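Notes follow the structure.
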Amino acid sequence: MAGVILPDAAWRHRPGLDRLTEALDAAGGMARWVGGAVRDTLLELPVADIDLATRFAPDEVIRRLEAAGIRAVPTGIAHGTVTAISAGTVVEVTTLRRDVATDGRHAVVAFSNDWREDAARRDFTMNALYADPLTGEVFDWFGGLDDLAARRVRFIGDPYRRIAEDHLRILRFFRFHARFGDVVDDAGLAACVARANDLMALSRERIAAELLKLLVARDAVAVVALMQEHGIFRPVLPEIDADGIARLRELAMRERTAGIAPDAIRRLAALVSPAAAEPVGARLKLSNADRKRLVQATGGPGDEGARALGYRVGVESAIDRLLIAGHDPGELLAWERPTLPIGGGALVARGLAKGPDVARTLRVIEDRWIAEGFPSAHRVAAIADEAVDQALRARRNA
């Protein structure tokens, strides 16, 4: 631990951070960077979220921030978290804590002034690294630096105890391994396998949030395969089987070949069968938009061509379907869905009576327009003339 200094990084120069650390007396040893920002900086990765741990109690944090002209939002005050907004930079400030009671889903905490005690309640060694905002000195009580160097996700202390405190750590173990890991920690894996049924106690929203993050991680395919092999999904998502893993692996290769970024909903669609898409989306309590997209993605490529499919189901869903089915989505990547250049009023002007005949004839025109590759308004007018003539003859002969 001695002598390790946090490298300089762009996030450390964001507006308002100096004022924030001064307000929380970082110079006096009362505040330190913690968690993902420290971990990712040491790994030379971009930093998104910034977290600051402090010895000050939440009320004192708020008082100090407001005195310094920094906006303080008590986003998780019962657990000691205050969101500080300093010159537009957002930082989660959390008072040092220790767990008083846990039930696998929620924790009752008491505030502390002991850095090591706060670190001991965290999940993995790589997430329990702290850094002095002024000197950059890194503090590591549990071998997190060695685990970072080895690219190993390791629970702090007894993995079974960590999982008993929060069952979601089972999924987090695999998500962090997919993002950072090269070496699987055998003790952590064994604990996750043994306690997989604990996932049934979690809300499906928490499971979905972790799963969707996992599916787009660096080594998602291999890690999801590892989870399926060891029965991790069986208690909550038994629909994920070896066939789904094979589809996911093929999809990931096609995404790379096409230069398309991984997408969590698309990858989930590859993992489940068409029949399972709707129940899985409902069980995970996905948003209505994500559930619709999940079901759409399993619908197959159709036989009209890529742009026809893109028109009928939307470009995003069409790309999902084509990639999952093994078709090239290239012609859709820069394509914008056109609008049919004629409406019902134009058909009435051609002699059709308002009502069902107009709707039916518009569908006929639209189908021909799609089949001809979305020709210009001039061609659509000719198609409309023919379609209206046919509809009028049919009406006279009825």
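Following the order of the structure tokens, first chain is A, next is B, and so on, with residues numbered from 1 inside each chain and ligands from 1 in the order they appear.
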
task = Excluding Asp263 in chain A and residues on its chain fewer than 3 positions from it, collect all residues at most 10 Å away from it, counting only C-alpha atoms, and give them as a list in words.
result =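 Returned residues: Leu212, Lys213, Leu215, Val216, Ala217, Ala252, Glu255, Ile260, Arg266, Arg267, Leu268 and Asp320 of chain A.
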
Output C-alpha atoms of each residue in that selection to a file, as a compact mmCIF listing (two decimals), in the first residue's frame.
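Produced file selection_10.txt, reproduced below:
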# COMPACT_ATOMS: atom_id res chain seq x y z
CA LEU A 212 -28.33 -5.33 -18.31
CA LYS A 213 -25.04 -3.78 -17.18
CA LEU A 215 -24.55 -7.92 -20.83
CA VAL A 216 -22.57 -5.03 -22.31
CA ALA A 217 -19.40 -5.52 -20.26
CA ALA A 252 -21.49 -10.56 -30.18
CA GLU A 255 -21.84 -6.78 -33.56
CA ILE A 260 -22.16 -1.87 -33.81
CA ARG A 266 -30.59 -6.94 -27.99
CA ARG A 267 -28.27 -9.32 -26.15
CA LEU A 268 -31.02 -10.33 -23.74
CA ASP A 320 -31.79 -6.25 -33.63

Residues within 12 Å of Trp335 in chain A, only C-alpha atoms, excluding chain neighbours under 4 positions, as a JSON list (two decimals) with C-alpha atoms, in the first residue's frame:
[["chain", "number", "residue", "atom", "x", "y", "z"],
["A", 306, "ALA", "CA", -33.76, -5.02, -44.53],
["A", 307, "ARG", "CA", -35.31, -1.64, -45.36],
["A", 308, "ALA", "CA", -38.82, -3.04, -45.57],
["A", 310, "GLY", "CA", -36.88, -1.28, -40.87],
["A", 311, "TYR", "CA", -39.96, 0.54, -42.10],
["A", 314, "GLY", "CA", -38.50, 0.54, -36.82],
["A", 315, "VAL", "CA", -34.81, 0.75, -37.62],
["A", 316, "GLU", "CA", -33.61, -0.19, -34.14],
["A", 318, "ALA", "CA", -34.88, -4.27, -37.48],
["A", 319, "ILE", "CA", -31.16, -4.09, -36.71],
["A", 329, "PRO", "CA", -27.86, -4.81, -41.13],
["A", 330, "GLY", "CA", -25.40, -2.54, -42.93],
["A", 331, "GLU", "CA", -27.89, -0.79, -45.22]]

Can you pull out the residues contacting Val223 in chain A? Cut-off 12 Å, using only C-alpha atoms, and skip same-chain residues under 6 positions away; I want them as a PDB file with C-alpha atoms, in the first residue's frame.
ATOM      1  CA  LEU A 171     -24.573 -10.670  -9.790  1.00  0.00           C
ATOM      2  CA  ARG A 172     -22.121  -7.862  -9.057  1.00  0.00           C
ATOM      3  CA  PHE A 173     -19.319 -10.417  -8.712  1.00  0.00           C
ATOM      4  CA  PHE A 174     -19.951 -11.610 -12.253  1.00  0.00           C
ATOM      5  CA  ARG A 175     -20.559  -8.112 -13.658  1.00  0.00           C
ATOM      6  CA  PHE A 176     -17.294  -6.813 -12.243  1.00  0.00           C
ATOM      7  CA  HIS A 177     -15.488  -9.908 -13.458  1.00  0.00           C
ATOM      8  CA  ALA A 178     -16.915  -9.326 -16.947  1.00  0.00           C
ATOM      9  CA  ARG A 179     -15.735  -5.729 -16.841  1.00  0.00           C
ATOM     10  CA  PHE A 180     -12.344  -6.065 -15.154  1.00  0.00           C
ATOM     11  CA  GLY A 181     -11.447  -9.680 -14.529  1.00  0.00           C
ATOM     12  CA  ASP A 182      -8.921 -11.931 -16.165  1.00  0.00           C
ATOM     13  CA  VAL A 183      -8.573 -14.394 -13.279  1.00  0.00           C
ATOM     14  CA  VAL A 184     -11.650 -15.922 -11.604  1.00  0.00           C
ATOM     15  CA  LEU A 189     -17.194 -18.252  -7.516  1.00  0.00           C
ATOM     16  CA  LEU A 211     -28.009  -8.083 -15.714  1.00  0.00           C
ATOM     17  CA  LEU A 214     -23.371  -7.188 -17.288  1.00  0.00           C
ATOM     18  CA  LEU A 215     -24.553  -7.924 -20.827  1.00  0.00           C
ATOM     19  CA  VAL A 216     -22.565  -5.028 -22.310  1.00  0.00           C
ATOM     20  CA  ALA A 217     -19.397  -5.522 -20.256  1.00  0.00           C
ATOM     21  CA  GLU A 229     -22.747 -23.431 -16.642  1.00  0.00           C
ATOM     22  CA  HIS A 230     -22.802 -23.056 -12.859  1.00  0.00           C
ATOM     23  CA  ILE A 232     -26.531 -18.976 -11.392  1.00  0.00           C
ATOM     24  CA  PHE A 233     -29.503 -18.015 -13.557  1.00  0.00           C
ATOM     25  CA  ILE A 245     -25.464 -18.732 -24.839  1.00  0.00           C
ATOM     26  CA  LEU A 248     -25.360 -14.568 -27.635  1.00  0.00           C
ATOM     27  CA  ARG A 249     -21.866 -15.591 -28.706  1.00  0.00           C
TER      28      ARG A 249
END

Show me, as CSV, the residues of range 78-185 of chain A having an atom within 12 Å of range 1-21 of chain A, each with the closest atom pair and its distance in Å, using only C-alpha atoms.
residue,atom,partner,partner_atom,distance
A:Thr83,CA,A:Leu20,CA,11.3
A:Ala84,CA,A:Leu20,CA,8.0
A:Ile85,CA,A:Gly16,CA,8.1
A:Ser86,CA,A:Gly16,CA,4.6
A:Ala87,CA,A:Gly16,CA,4.8
A:Gly88,CA,A:Pro15,CA,7.1
A:Thr89,CA,A:Gly16,CA,6.3
A:Val90,CA,A:Gly16,CA,9.0
A:Val91,CA,A:Leu17,CA,8.6
A:Glu92,CA,A:Leu20,CA,11.1
A:Val93,CA,A:Leu20,CA,9.9
A:Leu129,CA,A:Met1,CA,10.0
A:Tyr130,CA,A:Leu6,CA,9.4
A:Ala131,CA,A:Leu6,CA,6.8
A:Asp132,CA,A:Leu6,CA,8.5
A:Pro133,CA,A:Thr21,CA,7.2
A:Leu134,CA,A:Thr21,CA,8.6
A:Thr135,CA,A:Ile5,CA,7.6
A:Gly136,CA,A:Leu6,CA,4.7
A:Glu137,CA,A:Ile5,CA,4.6
A:Val138,CA,A:Ile5,CA,5.6
A:Phe139,CA,A:Met1,CA,6.4
A:Asp140,CA,A:Met1,CA,5.7
A:Trp141,CA,A:Met1,CA,7.8
A:Phe142,CA,A:Met1,CA,9.5
A:Gly143,CA,A:Met1,CA,8.1
A:Gly144,CA,A:Met1,CA,9.2
A:Leu145,CA,A:Met1,CA,7.5
A:Asp146,CA,A:Met1,CA,9.2

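Proximity ranking of A:Thr102, A:Ala31, A:Leu43, A:Arg55 relative to Asp166 in chain A places A:Thr102 first, based on only C-alpha atoms.
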